[in-house]
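Undergrad: Just so it is clear, I am handing over work.txt, which has compact mmCIF, C-alpha atoms.
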```txt
# COMPACT_ATOMS: atom_id res chain seq x y z
CA MET A 1 -90.82 71.78 -82.62
CA ARG A 2 -92.20 68.35 -83.32
CA GLY A 3 -89.90 65.36 -82.82
CA ARG A 4 -89.10 62.86 -85.52
CA PHE A 5 -90.77 59.48 -85.80
CA ILE A 6 -88.24 56.94 -87.06
CA THR A 7 -88.96 53.25 -87.58
CA PHE A 8 -86.68 50.26 -88.03
CA GLU A 9 -87.85 47.39 -90.16
CA GLY A 10 -86.64 44.08 -91.51
CA VAL A 11 -86.92 40.34 -90.96
CA GLU A 12 -85.39 38.64 -87.92
CA GLY A 13 -81.64 38.33 -88.11
CA VAL A 14 -80.84 41.51 -90.05
CA GLY A 15 -79.44 43.30 -86.97
CA LYS A 16 -82.36 45.65 -86.31
CA SER A 17 -82.06 45.80 -82.52
CA THR A 18 -78.31 46.42 -82.70
CA GLN A 19 -78.83 49.24 -85.18
CA ILE A 20 -81.54 50.86 -83.03
CA ALA A 21 -79.05 50.89 -80.15
CA HIS A 22 -76.41 52.49 -82.41
CA ALA A 23 -78.93 55.07 -83.65
CA ALA A 24 -79.97 55.99 -80.11
CA GLN A 25 -76.29 56.34 -79.18
CA TYR A 26 -75.65 58.55 -82.20
CA LEU A 27 -78.55 60.84 -81.32
CA LEU A 28 -77.40 61.02 -77.69
CA GLY A 29 -74.01 62.20 -78.96
CA ARG A 30 -75.86 64.99 -80.78
CA GLY A 31 -77.70 66.04 -77.63
CA ILE A 32 -80.95 64.23 -78.29
CA LEU A 33 -82.40 61.68 -75.87
CA PRO A 34 -84.66 59.57 -78.06
CA LEU A 35 -87.59 57.52 -76.88
CA VAL A 36 -86.98 53.92 -77.94
CA THR A 37 -90.12 51.86 -78.15
CA ARG A 38 -91.54 48.78 -79.78
CA GLU A 39 -94.91 47.27 -80.32
CA PRO A 40 -97.14 46.38 -78.50
CA GLY A 41 -95.91 49.58 -76.90
CA GLY A 42 -96.25 49.06 -73.20
CA THR A 43 -99.75 50.43 -72.68
CA PRO A 44 -101.81 48.17 -70.39
CA LEU A 45 -104.44 47.76 -73.13
CA ALA A 46 -101.88 46.88 -75.81
CA GLU A 47 -100.20 44.33 -73.52
CA LYS A 48 -103.55 42.70 -72.80
CA LEU A 49 -104.39 42.62 -76.50
CA ARG A 50 -101.02 41.05 -77.27
CA ALA A 51 -101.65 38.41 -74.60
CA LEU A 52 -105.03 37.60 -76.16
CA VAL A 53 -103.38 36.87 -79.49
CA LEU A 54 -100.48 34.88 -78.03
CA GLU A 55 -102.10 32.88 -75.22
CA PRO A 56 -103.57 29.63 -76.48
CA GLN A 57 -106.23 29.29 -73.76
CA HIS A 58 -108.40 31.85 -75.57
CA GLY A 59 -108.78 29.42 -78.47
CA PRO A 60 -107.55 29.91 -82.00
CA VAL A 61 -107.38 33.50 -83.23
CA GLY A 62 -108.15 33.87 -86.92
CA PRO A 63 -106.01 36.07 -89.19
CA THR A 64 -108.66 38.80 -89.42
CA GLU A 65 -109.12 38.96 -85.65
CA GLU A 66 -105.33 39.06 -85.25
CA LEU A 67 -105.08 41.91 -87.75
CA LEU A 68 -107.81 43.97 -86.05
CA ILE A 69 -106.39 43.32 -82.57
CA MET A 70 -102.90 44.24 -83.76
CA PHE A 71 -104.17 47.59 -85.06
CA ALA A 72 -106.15 48.20 -81.86
CA ALA A 73 -102.90 47.71 -79.91
CA ARG A 74 -101.11 50.00 -82.36
CA ALA A 75 -103.78 52.68 -81.98
CA SER A 76 -103.25 52.52 -78.21
CA HIS A 77 -99.45 52.69 -78.58
CA VAL A 78 -99.74 55.68 -80.91
CA ALA A 79 -102.26 57.55 -78.76
CA ALA A 80 -100.59 56.91 -75.39
CA VAL A 81 -96.87 56.82 -76.24
CA ILE A 82 -95.85 57.93 -79.73
CA ARG A 83 -98.02 61.00 -80.33
CA PRO A 84 -97.50 62.50 -76.84
CA ALA A 85 -93.70 62.07 -77.21
CA LEU A 86 -93.66 63.66 -80.66
CA ARG A 87 -95.81 66.53 -79.37
CA ARG A 88 -93.26 67.17 -76.63
CA GLY A 89 -90.54 67.32 -79.30
CA ARG A 90 -89.05 63.90 -78.51
CA TRP A 91 -87.50 61.79 -81.24
CA VAL A 92 -89.12 58.36 -81.28
CA LEU A 93 -87.25 55.28 -82.49
CA CYS A 94 -89.69 52.43 -82.97
CA ASP A 95 -88.86 48.78 -83.56
CA ARG A 96 -91.33 47.91 -86.33
CA PHE A 97 -94.61 49.62 -87.21
CA THR A 98 -97.30 49.37 -89.90
CA ASP A 99 -94.78 48.53 -92.65
CA ALA A 100 -94.12 45.29 -90.74
CA THR A 101 -97.83 44.44 -90.92
CA GLU A 102 -97.83 45.10 -94.65
CA ALA A 103 -94.69 42.95 -95.06
CA TYR A 104 -95.58 40.04 -92.74
CA GLN A 105 -99.37 39.82 -92.83
CA GLY A 106 -99.69 41.21 -96.37
CA GLY A 107 -96.61 39.88 -98.17
CA GLY A 108 -96.00 36.85 -95.96
CA ARG A 109 -99.51 35.60 -95.22
CA GLY A 110 -101.48 37.06 -98.10
CA VAL A 111 -103.76 39.41 -96.14
CA ASN A 112 -105.28 41.97 -98.54
CA PRO A 113 -102.83 44.94 -98.51
CA VAL A 114 -105.70 47.38 -99.11
CA TRP A 115 -107.15 46.30 -95.73
CA ILE A 116 -103.84 47.01 -94.06
CA ARG A 117 -103.62 50.51 -95.54
CA GLN A 118 -107.23 51.24 -94.56
CA LEU A 119 -106.57 50.04 -91.01
CA ALA A 120 -103.46 52.21 -90.81
CA ARG A 121 -105.52 55.29 -91.70
CA ILE A 122 -108.07 54.33 -89.03
CA ALA A 123 -105.60 53.38 -86.27
CA HIS A 124 -103.14 56.25 -86.72
CA PRO A 125 -104.63 58.90 -89.02
CA ARG A 126 -102.10 61.35 -90.47
CA LEU A 127 -99.23 59.60 -88.69
CA MET A 128 -96.62 57.79 -90.72
CA PRO A 129 -92.92 57.62 -89.87
CA ASP A 130 -90.81 60.57 -90.97
CA LEU A 131 -88.01 58.15 -91.77
CA THR A 132 -87.93 54.37 -92.04
CA PHE A 133 -84.92 52.10 -92.30
CA ILE A 134 -85.46 48.73 -93.93
CA PHE A 135 -82.52 46.47 -93.15
CA ASP A 136 -82.34 44.21 -96.13
CA ALA A 137 -80.62 40.88 -96.60
CA PRO A 138 -81.46 37.71 -98.53
CA ALA A 139 -83.78 35.59 -96.38
CA ALA A 140 -81.25 32.76 -96.30
CA VAL A 141 -78.59 35.07 -94.88
CA ALA A 142 -80.93 36.45 -92.22
CA SER A 143 -82.23 33.03 -91.17
CA ALA A 144 -78.69 31.66 -91.05
CA ARG A 145 -77.84 34.46 -88.62
CA VAL A 146 -80.88 33.59 -86.52
CA SER A 147 -80.18 29.89 -86.41
CA GLY A 148 -76.41 30.40 -86.24
CA ARG A 149 -75.80 27.24 -88.23
CA GLY A 150 -75.67 28.07 -91.91
CA THR A 151 -78.42 27.93 -94.52
CA GLY A 152 -81.02 25.26 -93.93
CA HIS A 153 -81.80 22.69 -96.58
CA ASP A 154 -84.76 20.67 -95.33
CA ARG A 155 -88.35 21.19 -96.45
CA ILE A 156 -89.52 23.32 -93.51
CA GLU A 157 -86.48 25.55 -93.66
CA ALA A 158 -86.99 25.97 -97.40
CA GLU A 159 -90.63 26.96 -96.76
CA GLU A 160 -89.53 29.39 -94.11
CA THR A 161 -86.99 30.90 -96.47
CA GLU A 162 -89.72 31.31 -99.09
CA PHE A 163 -91.97 33.01 -96.49
CA PHE A 164 -89.23 35.43 -95.50
CA GLU A 165 -88.44 36.13 -99.14
CA ARG A 166 -92.07 37.17 -99.63
CA VAL A 167 -91.77 39.41 -96.55
CA ARG A 168 -88.55 40.86 -97.98
CA ARG A 169 -90.14 41.55 -101.37
CA ALA A 170 -93.07 43.29 -99.66
CA TYR A 171 -90.63 45.49 -97.72
CA LEU A 172 -88.79 46.38 -100.94
CA ALA A 173 -92.10 47.19 -102.63
CA ILE A 174 -92.88 49.68 -99.83
CA ALA A 175 -89.45 51.27 -100.34
CA ALA A 176 -90.04 51.54 -104.09
CA ARG A 177 -93.44 53.16 -103.48
CA GLU A 178 -92.20 55.65 -100.85
CA PRO A 179 -88.57 56.50 -101.64
CA GLY A 180 -88.80 59.82 -99.78
CA ARG A 181 -89.56 58.14 -96.45
CA VAL A 182 -87.92 54.74 -96.71
CA ARG A 183 -84.20 53.94 -96.83
CA VAL A 184 -83.18 50.43 -97.75
CA VAL A 185 -79.92 49.58 -96.01
CA ASP A 186 -77.83 46.63 -97.16
CA ALA A 187 -77.69 44.55 -93.98
CA THR A 188 -75.09 42.15 -95.35
CA GLN A 189 -72.47 44.86 -94.73
CA PRO A 190 -70.45 44.81 -91.50
CA GLU A 191 -72.31 46.21 -88.46
CA VAL A 192 -70.29 49.46 -88.34
CA ALA A 193 -70.85 50.12 -92.03
CA VAL A 194 -74.61 49.72 -91.54
CA ALA A 195 -74.47 52.02 -88.49
CA ASP A 196 -72.65 54.63 -90.60
CA VAL A 197 -75.36 54.61 -93.25
CA VAL A 198 -78.01 55.05 -90.52
CA ALA A 199 -76.01 57.83 -88.84
CA GLN A 200 -75.73 59.74 -92.10
CA ALA A 201 -79.48 59.58 -92.62
CA LEU A 202 -80.05 60.72 -89.01
CA GLU A 203 -77.63 63.59 -89.54
CA ALA A 204 -79.61 64.69 -92.58
CA ALA A 205 -82.80 64.52 -90.51
CA LEU A 206 -81.12 66.60 -87.78
CA ARG A 207 -80.13 69.25 -90.31
CA ASN A 208 -83.70 69.46 -91.58
CA ARG A 209 -85.05 69.80 -88.05
CA GLY A 210 -86.40 73.27 -88.52
CA ASP A 211 -88.50 72.51 -91.59
CA MET B 1 -129.68 25.49 -98.45
CA ARG B 2 -128.16 28.43 -96.65
CA GLY B 3 -129.98 29.79 -93.61
CA ARG B 4 -131.13 33.38 -93.28
CA PHE B 5 -129.21 36.00 -91.32
CA ILE B 6 -131.68 38.36 -89.68
CA THR B 7 -130.72 41.27 -87.44
CA PHE B 8 -132.74 43.34 -84.99
CA GLU B 9 -131.75 46.95 -84.45
CA GLY B 10 -132.87 50.02 -82.59
CA VAL B 11 -132.11 52.10 -79.52
CA GLU B 12 -132.74 50.82 -76.00
CA GLY B 13 -136.40 50.82 -75.06
CA VAL B 14 -137.91 50.05 -78.46
CA GLY B 15 -138.78 46.46 -77.55
CA LYS B 16 -136.06 44.69 -79.53
CA SER B 17 -135.55 41.74 -77.17
CA THR B 18 -139.27 41.11 -76.91
CA GLN B 19 -139.60 41.13 -80.68
CA ILE B 20 -136.68 38.73 -81.14
CA ALA B 21 -138.48 36.32 -78.80
CA HIS B 22 -141.70 36.71 -80.82
CA ALA B 23 -139.78 36.16 -84.08
CA ALA B 24 -138.09 33.01 -82.75
CA GLN B 25 -141.50 31.73 -81.61
CA TYR B 26 -143.00 32.46 -85.02
CA LEU B 27 -140.24 30.57 -86.83
CA LEU B 28 -140.58 27.64 -84.40
CA GLY B 29 -144.26 27.48 -85.34
CA ARG B 30 -143.17 27.18 -88.96
CA GLY B 31 -140.80 24.31 -88.18
CA ILE B 32 -137.59 26.33 -87.95
CA LEU B 33 -135.41 26.35 -84.84
CA PRO B 34 -133.47 29.58 -85.15
CA LEU B 35 -130.14 30.33 -83.53
CA VAL B 36 -130.62 33.45 -81.40
CA THR B 37 -127.40 35.28 -80.69
CA ARG B 38 -126.07 38.65 -79.74
CA GLU B 39 -122.76 40.41 -79.70
CA PRO B 40 -120.11 39.85 -78.39
CA GLY B 41 -121.28 36.42 -79.48
CA GLY B 42 -120.08 34.04 -76.85
CA THR B 43 -116.70 33.11 -78.30
CA PRO B 44 -113.97 33.10 -75.63
CA LEU B 45 -111.99 35.66 -77.63
CA ALA B 46 -114.96 37.99 -78.09
CA GLU B 47 -115.83 37.80 -74.38
CA LYS B 48 -112.26 38.68 -73.46
CA LEU B 49 -112.26 41.58 -75.91
CA ARG B 50 -115.53 42.84 -74.50
CA ALA B 51 -114.07 42.66 -70.99
CA LEU B 52 -111.06 44.70 -72.13
CA VAL B 53 -113.33 47.49 -73.32
CA LEU B 54 -115.61 47.43 -70.29
CA GLU B 55 -113.24 46.83 -67.36
CA PRO B 56 -111.78 50.05 -66.06
CA GLN B 57 -108.56 48.52 -64.68
CA HIS B 58 -107.09 48.42 -68.20
CA GLY B 59 -107.15 52.20 -68.30
CA PRO B 60 -109.19 54.37 -70.63
CA VAL B 61 -109.94 52.90 -74.04
CA GLY B 62 -110.02 55.47 -76.83
CA PRO B 63 -112.82 55.49 -79.43
CA THR B 64 -110.56 54.13 -82.19
CA GLU B 65 -109.31 51.27 -80.02
CA GLU B 66 -112.90 50.53 -79.02
CA LEU B 67 -113.98 50.47 -82.66
CA LEU B 68 -111.17 48.11 -83.72
CA ILE B 69 -111.71 45.82 -80.72
CA MET B 70 -115.45 45.75 -81.40
CA PHE B 71 -114.84 44.63 -84.97
CA ALA B 72 -112.28 42.04 -83.83
CA ALA B 73 -114.96 40.58 -81.53
CA ARG B 74 -117.47 40.71 -84.38
CA ALA B 75 -115.04 38.92 -86.73
CA SER B 76 -114.73 36.18 -84.11
CA HIS B 77 -118.52 35.97 -83.62
CA VAL B 78 -119.07 35.75 -87.39
CA ALA B 79 -116.33 33.16 -87.98
CA ALA B 80 -117.15 30.92 -85.00
CA VAL B 81 -120.93 31.25 -84.64
CA ILE B 82 -122.79 33.01 -87.47
CA ARG B 83 -121.13 31.63 -90.60
CA PRO B 84 -121.03 27.99 -89.39
CA ALA B 85 -124.75 28.17 -88.46
CA LEU B 86 -125.71 29.67 -91.83
CA ARG B 87 -123.64 27.03 -93.61
CA ARG B 88 -125.59 24.33 -91.79
CA GLY B 89 -128.80 25.95 -92.99
CA ARG B 90 -129.73 27.47 -89.63
CA TRP B 91 -131.62 30.74 -89.43
CA VAL B 92 -129.72 33.20 -87.29
CA LEU B 93 -131.48 35.95 -85.34
CA CYS B 94 -128.92 38.44 -84.08
CA ASP B 95 -129.48 41.21 -81.55
CA ARG B 96 -127.60 44.09 -83.18
CA PHE B 97 -124.80 43.93 -85.75
CA THR B 98 -122.75 46.36 -87.85
CA ASP B 99 -125.70 48.72 -88.41
CA ALA B 100 -125.58 49.38 -84.65
CA THR B 101 -121.95 50.43 -84.94
CA GLU B 102 -122.83 52.78 -87.78
CA ALA B 103 -125.74 54.21 -85.76
CA TYR B 104 -124.09 54.48 -82.32
CA GLN B 105 -120.40 55.09 -83.07
CA GLY B 106 -121.00 56.82 -86.39
CA GLY B 107 -124.25 58.74 -85.87
CA GLY B 108 -124.04 59.04 -82.10
CA ARG B 109 -120.35 59.67 -81.46
CA GLY B 110 -119.22 61.05 -84.81
CA VAL B 111 -116.82 58.24 -85.82
CA ASN B 112 -116.14 58.47 -89.56
CA PRO B 113 -118.82 56.25 -91.20
CA VAL B 114 -116.42 55.36 -94.03
CA TRP B 115 -114.16 53.69 -91.42
CA ILE B 116 -117.09 51.66 -90.17
CA ARG B 117 -117.97 50.43 -93.65
CA GLN B 118 -114.32 49.57 -94.38
CA LEU B 119 -114.06 47.68 -91.08
CA ALA B 120 -117.27 45.79 -91.89
CA ARG B 121 -115.76 44.60 -95.19
CA ILE B 122 -112.61 43.50 -93.35
CA ALA B 123 -114.30 41.84 -90.36
CA HIS B 124 -117.08 40.04 -92.24
CA PRO B 125 -116.40 40.14 -95.98
CA ARG B 126 -119.42 39.34 -98.17
CA LEU B 127 -121.66 38.90 -95.12
CA MET B 128 -124.43 41.33 -94.48
CA PRO B 129 -127.82 40.47 -92.99
CA ASP B 130 -130.42 39.13 -95.41
CA LEU B 131 -133.06 41.04 -93.50
CA THR B 132 -132.80 43.75 -90.84
CA PHE B 133 -135.54 45.14 -88.66
CA ILE B 134 -135.04 48.62 -87.31
CA PHE B 135 -137.48 49.25 -84.48
CA ASP B 136 -138.07 52.97 -84.63
CA ALA B 137 -139.49 55.35 -82.07
CA PRO B 138 -138.77 58.96 -81.11
CA ALA B 139 -135.83 58.98 -78.70
CA ALA B 140 -137.98 60.55 -75.98
CA VAL B 141 -140.49 57.70 -76.20
CA ALA B 142 -137.76 55.04 -76.07
CA SER B 143 -135.93 56.63 -73.16
CA ALA B 144 -139.20 57.11 -71.28
CA ARG B 145 -139.79 53.35 -71.63
CA VAL B 146 -136.29 52.63 -70.34
CA SER B 147 -136.53 54.95 -67.37
CA GLY B 148 -140.19 54.13 -66.78
CA ARG B 149 -140.81 57.61 -65.49
CA GLY B 150 -141.80 59.82 -68.39
CA THR B 151 -139.71 62.11 -70.54
CA GLY B 152 -136.79 63.69 -68.76
CA HIS B 153 -136.35 67.44 -68.68
CA ASP B 154 -132.98 68.13 -67.07
CA ARG B 155 -129.80 68.96 -69.01
CA ILE B 156 -128.25 65.49 -69.02
CA GLU B 157 -131.48 63.84 -70.06
CA ALA B 158 -131.86 66.39 -72.85
CA GLU B 159 -128.33 65.61 -74.03
CA GLU B 160 -129.07 61.92 -73.93
CA THR B 161 -132.22 62.46 -75.94
CA GLU B 162 -130.20 64.41 -78.52
CA PHE B 163 -127.64 61.57 -78.67
CA PHE B 164 -130.34 58.97 -79.22
CA GLU B 165 -131.99 61.15 -81.86
CA ARG B 166 -128.66 61.15 -83.76
CA VAL B 167 -128.54 57.37 -83.43
CA ARG B 168 -132.09 57.14 -84.68
CA ARG B 169 -131.39 59.39 -87.69
CA ALA B 170 -128.34 57.23 -88.55
CA TYR B 171 -130.52 54.10 -88.42
CA LEU B 172 -133.09 55.73 -90.70
CA ALA B 173 -130.33 56.76 -93.11
CA ILE B 174 -129.23 53.12 -93.38
CA ALA B 175 -132.83 52.11 -94.11
CA ALA B 176 -133.09 54.80 -96.81
CA ARG B 177 -129.82 53.59 -98.38
CA GLU B 178 -130.72 49.87 -98.32
CA PRO B 179 -134.50 49.54 -98.62
CA GLY B 180 -134.21 45.98 -99.97
CA ARG B 181 -132.57 44.69 -96.80
CA VAL B 182 -133.88 46.97 -94.07
CA ARG B 183 -137.42 47.20 -92.71
CA VAL B 184 -138.24 50.12 -90.47
CA VAL B 185 -140.95 49.07 -88.00
CA ASP B 186 -142.92 51.69 -86.07
CA ALA B 187 -142.14 50.69 -82.51
CA THR B 188 -144.71 53.03 -81.01
CA GLN B 189 -147.40 50.52 -82.03
CA PRO B 190 -148.65 47.96 -79.52
CA GLU B 191 -146.33 44.95 -79.05
CA VAL B 192 -148.59 42.53 -80.93
CA ALA B 193 -148.94 44.89 -83.89
CA VAL B 194 -145.15 45.15 -84.13
CA ALA B 195 -144.85 41.36 -83.87
CA ASP B 196 -147.36 41.01 -86.74
CA VAL B 197 -145.29 43.27 -89.01
CA VAL B 198 -142.19 41.20 -88.20
CA ALA B 199 -144.04 37.91 -88.75
CA GLN B 200 -145.23 39.06 -92.18
CA ALA B 201 -141.67 39.89 -93.22
CA LEU B 202 -140.45 36.53 -91.90
CA GLU B 203 -143.22 34.78 -93.83
CA ALA B 204 -142.06 36.51 -97.02
CA ALA B 205 -138.48 35.39 -96.28
CA LEU B 206 -139.74 31.82 -95.74
CA ARG B 207 -141.53 31.87 -99.07
CA ASN B 208 -138.34 33.02 -100.84
CA ARG B 209 -136.30 30.30 -99.16
CA GLY B 210 -135.52 28.43 -102.32
CA ASP B 211 -134.04 31.41 -104.17
```
Could you render the structure from this file as structure tokens?
TA:
Amino acid sequence: MRGRFITFEGVEGVGKSTQIAHAAQYLLGRGILPLVTREPGGTPLAEKLRALVLEPQHGPVGPTEELLIMFAARASHVAAVIRPALRRGRWVLCDRFTDATEAYQGGGRGVNPVWIRQLARIAHPRLMPDLTFIFDAPAAVASARVSGRGTGHDRIEAEETEFFERVRRAYLAIAAREPGRVRVVDATQPEVAVADVVAQALEAALRNRGD
Amino acid sequence: MRGRFITFEGVEGVGKSTQIAHAAQYLLGRGILPLVTREPGGTPLAEKLRALVLEPQHGPVGPTEELLIMFAARASHVAAVIRPALRRGRWVLCDRFTDATEAYQGGGRGVNPVWIRQLARIAHPRLMPDLTFIFDAPAAVASARVSGRGTGHDRIEAEETEFFERVRRAYLAIAAREPGRVRVVDATQPEVAVADVVAQALEAALRNRGD
């Protein structure tokens, strides 16, 4: 029996990490020890690739190079961590995946979304999440949670809010396109209410385990 | 006036490097100082990416990761070296480019050629060589030149010959598909005869410079 590949998406500040912890706890209570992972995925190659993008001594990294390197790291993560776990029947909970690239690089930075979908088919052919949670909140709410000091009003904060609104809209467009896979969860609800919505979706996935 | 982007392709042993030197010399004689380059292209990022693929301490690198990393390095080479030179009107002579990926990874190793063409459009949109020389020789002739000891007969050498024949067929398929860009040059001819064929094609490119 193949495991389930479940991804958690959303902008910073929507409570993603907390909800992954709740989801893992819920599955544990149902006798399932999930593998919790996140990109770049802990393979030596992926870590090195991440360092190349982040470390300034390698000189500026253009958006196309960043995109290709990101998918190379993802291909390594999928081949070395995600696929082997799924093959062994493990459930995999992953903090962000290709939807994040479509939302951030595509929606946020204007990278051609067709490129992103082509790269996804190259980097992880025939592998998409079985279930994806998009934790959704207005960008101003999420950024207020990150900064912990209310909604910003200066020019840079306004630009940042506009960027995160574009990311949010791109996430919602993915959900509209793939309603069978993607659940949008209202992240402005209290933490326990959000965790309940996630738990119900996990329960449904557990019941369909034999399909 | 934009420079010309000219690539030199073919399997090891066909005399590519020698012919690039002859071509550069020919252009110099016509008052053009070409930029001679080769992948990974000398950008710090591309060198680091190349090291990641080649250095064994990073663990095995799968074919998909290798393909994506190769195109990330190429994107860097194009953005930092090739495009700026062409914009300044320089002629660029490049030892191998995307055709090599199609021949080696596609023809040789069976990577989906559609992926390679999609990656080319992502890594270097709207940039293909103006002129490409494919130096062609039977694989056995080329490998005999490399080894300097005649055609091999054992199992591994036979496998290698079969691999290089697949690479060669992929190169010839590119030439058949794009006869306007690609010149196949019979590399079994004497060095000076090959250089003459190249010089004639360069002369034609020089005459069309104003177009």
Undergrad: Smallest atom-to-atom distance to Ala79 of chain A: which of B:Val61, B:Ala158, B:Ala23, B:Ile116, using only C-alpha atoms?
TA: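 Of B:Val61, B:Ala158, B:Ala23, B:Ile116, the one nearest Ala79 of chain A is B:Val61, counting only C-alpha atoms.
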Undergrad: Could you please select, counting only C-alpha atoms, the residues of chain B within 8 Å of chain A and state them as a list in words?
TA: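 Residues of chain B within 8 Å of chain A, counting only C-alpha atoms: Pro44, Leu45, Lys48, Leu49, Leu52, His58, Gly59, Val61, Gly62, Thr64, Glu65, Glu66, Leu68, Ile69, Phe71, Ala72, Ala73, Ala75, Ser76, Trp115, Gln118, Leu119, Ile122 and Ala123 of chain B.
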Undergrad: Write out as number ranges by chain each polymer residue whose atoms come within 12 Å of Ala173 of chain B, counting all atoms listed in the file; drop sequence neighbours fewer than 2 positions from it.
TA: B: 99, 102-103, 106-107, 113, 134, 166-171, 175-179, 182-184
Undergrad: What gap, in Å, lies between atom CA of Asn208 of chain A and atom CA of Ile20 of chain A?
TA: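 Between atom CA of Asn208 of chain A and atom CA of Ile20 of chain A the gap works out to 20.6 Å.
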Undergrad: What is the atom CA of Ala139 of chain B-atom CA of Glu162 of chain B distance in Å, reported with one decimal?
TA: 7.8 Å
Undergrad: Can you tell me, as a PDB file with C-alpha atoms, keeping the file's coordinate frame, which residues sit within 12 Å of (-135.2, 54.6, -71.2) in the file's frame, using only C-alpha atoms?
TA:
```
ATOM      1  CA  VAL B  11    -132.110  52.100 -79.520  1.00  0.00           C
ATOM      2  CA  GLU B  12    -132.740  50.820 -76.000  1.00  0.00           C
ATOM      3  CA  GLY B  13    -136.400  50.820 -75.060  1.00  0.00           C
ATOM      4  CA  VAL B  14    -137.910  50.050 -78.460  1.00  0.00           C
ATOM      5  CA  GLY B  15    -138.780  46.460 -77.550  1.00  0.00           C
ATOM      6  CA  ALA B 137    -139.490  55.350 -82.070  1.00  0.00           C
ATOM      7  CA  PRO B 138    -138.770  58.960 -81.110  1.00  0.00           C
ATOM      8  CA  ALA B 139    -135.830  58.980 -78.700  1.00  0.00           C
ATOM      9  CA  ALA B 140    -137.980  60.550 -75.980  1.00  0.00           C
ATOM     10  CA  VAL B 141    -140.490  57.700 -76.200  1.00  0.00           C
ATOM     11  CA  ALA B 142    -137.760  55.040 -76.070  1.00  0.00           C
ATOM     12  CA  SER B 143    -135.930  56.630 -73.160  1.00  0.00           C
ATOM     13  CA  ALA B 144    -139.200  57.110 -71.280  1.00  0.00           C
ATOM     14  CA  ARG B 145    -139.790  53.350 -71.630  1.00  0.00           C
ATOM     15  CA  VAL B 146    -136.290  52.630 -70.340  1.00  0.00           C
ATOM     16  CA  SER B 147    -136.530  54.950 -67.370  1.00  0.00           C
ATOM     17  CA  GLY B 148    -140.190  54.130 -66.780  1.00  0.00           C
ATOM     18  CA  ARG B 149    -140.810  57.610 -65.490  1.00  0.00           C
ATOM     19  CA  GLY B 150    -141.800  59.820 -68.390  1.00  0.00           C
ATOM     20  CA  THR B 151    -139.710  62.110 -70.540  1.00  0.00           C
ATOM     21  CA  GLY B 152    -136.790  63.690 -68.760  1.00  0.00           C
ATOM     22  CA  GLU B 157    -131.480  63.840 -70.060  1.00  0.00           C
ATOM     23  CA  GLU B 160    -129.070  61.920 -73.930  1.00  0.00           C
ATOM     24  CA  THR B 161    -132.220  62.460 -75.940  1.00  0.00           C
ATOM     25  CA  PHE B 164    -130.340  58.970 -79.220  1.00  0.00           C
TER      26      PHE B 164
END
```
Undergrad: Which is closest to Pro34 of chain B among B:Leu172, B:Gln189, B:Asp130, B:Cys94, if we use only C-alpha atoms?
TA: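 Residue with the minimum atom-to-atom distance to Pro34 of chain B: B:Cys94.
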Undergrad: Between atom CA of Glu9 of chain B and atom CA of Ala205 of chain B, what is the spacing in Å?
TA: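 Atom CA of Glu9 of chain B lies 17.9 Å from atom CA of Ala205 of chain B.
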Undergrad: Please provide the set of residues having any atom within 12 Å of Ile32 of chain A, restricted to all atoms listed in the file, with same-chain residues fewer than 5 positions apart removed, written as a ChimeraX atom specification.
TA: /A:3-4,23-27,89-93,202-203,206,209
Undergrad: Write segment 41-50 of chain B as an mmCIF file, keeping the file's coordinate frame, completed to N, CA and C atoms.
TA:
```
data_model
loop_
_atom_site.group_PDB
_atom_site.id
_atom_site.type_symbol
_atom_site.label_atom_id
_atom_site.label_comp_id
_atom_site.auth_asym_id
_atom_site.auth_seq_id
_atom_site.Cartn_x
_atom_site.Cartn_y
_atom_site.Cartn_z
ATOM 1 N N GLY B 41 -121.165 37.656 -78.723
ATOM 2 C CA GLY B 41 -121.280 36.420 -79.480
ATOM 3 C C GLY B 41 -120.796 35.156 -78.816
ATOM 4 N N GLY B 42 -120.336 35.258 -77.586
ATOM 5 C CA GLY B 42 -120.080 34.040 -76.850
ATOM 6 C C GLY B 42 -118.834 33.278 -77.224
ATOM 7 N N THR B 43 -117.983 33.789 -78.101
ATOM 8 C CA THR B 43 -116.700 33.110 -78.300
ATOM 9 C C THR B 43 -115.777 33.565 -77.181
ATOM 10 N N PRO B 44 -114.865 32.696 -76.729
ATOM 11 C CA PRO B 44 -113.970 33.100 -75.630
ATOM 12 C C PRO B 44 -113.198 34.379 -75.978
ATOM 13 N N LEU B 45 -112.745 34.470 -77.218
ATOM 14 C CA LEU B 45 -111.990 35.660 -77.630
ATOM 15 C C LEU B 45 -112.857 36.917 -77.561
ATOM 16 N N ALA B 46 -114.072 36.821 -78.078
ATOM 17 C CA ALA B 46 -114.960 37.990 -78.090
ATOM 18 C C ALA B 46 -115.315 38.434 -76.676
ATOM 19 N N GLU B 47 -115.516 37.455 -75.779
ATOM 20 C CA GLU B 47 -115.830 37.800 -74.380
ATOM 21 C C GLU B 47 -114.656 38.527 -73.738
ATOM 22 N N LYS B 48 -113.450 38.046 -74.021
ATOM 23 C CA LYS B 48 -112.260 38.680 -73.460
ATOM 24 C C LYS B 48 -112.103 40.100 -74.015
ATOM 25 N N LEU B 49 -112.380 40.255 -75.290
ATOM 26 C CA LEU B 49 -112.260 41.580 -75.910
ATOM 27 C C LEU B 49 -113.275 42.536 -75.309
ATOM 28 N N ARG B 50 -114.485 42.019 -75.106
ATOM 29 C CA ARG B 50 -115.530 42.840 -74.500
ATOM 30 C C ARG B 50 -115.106 43.286 -73.098
#
```
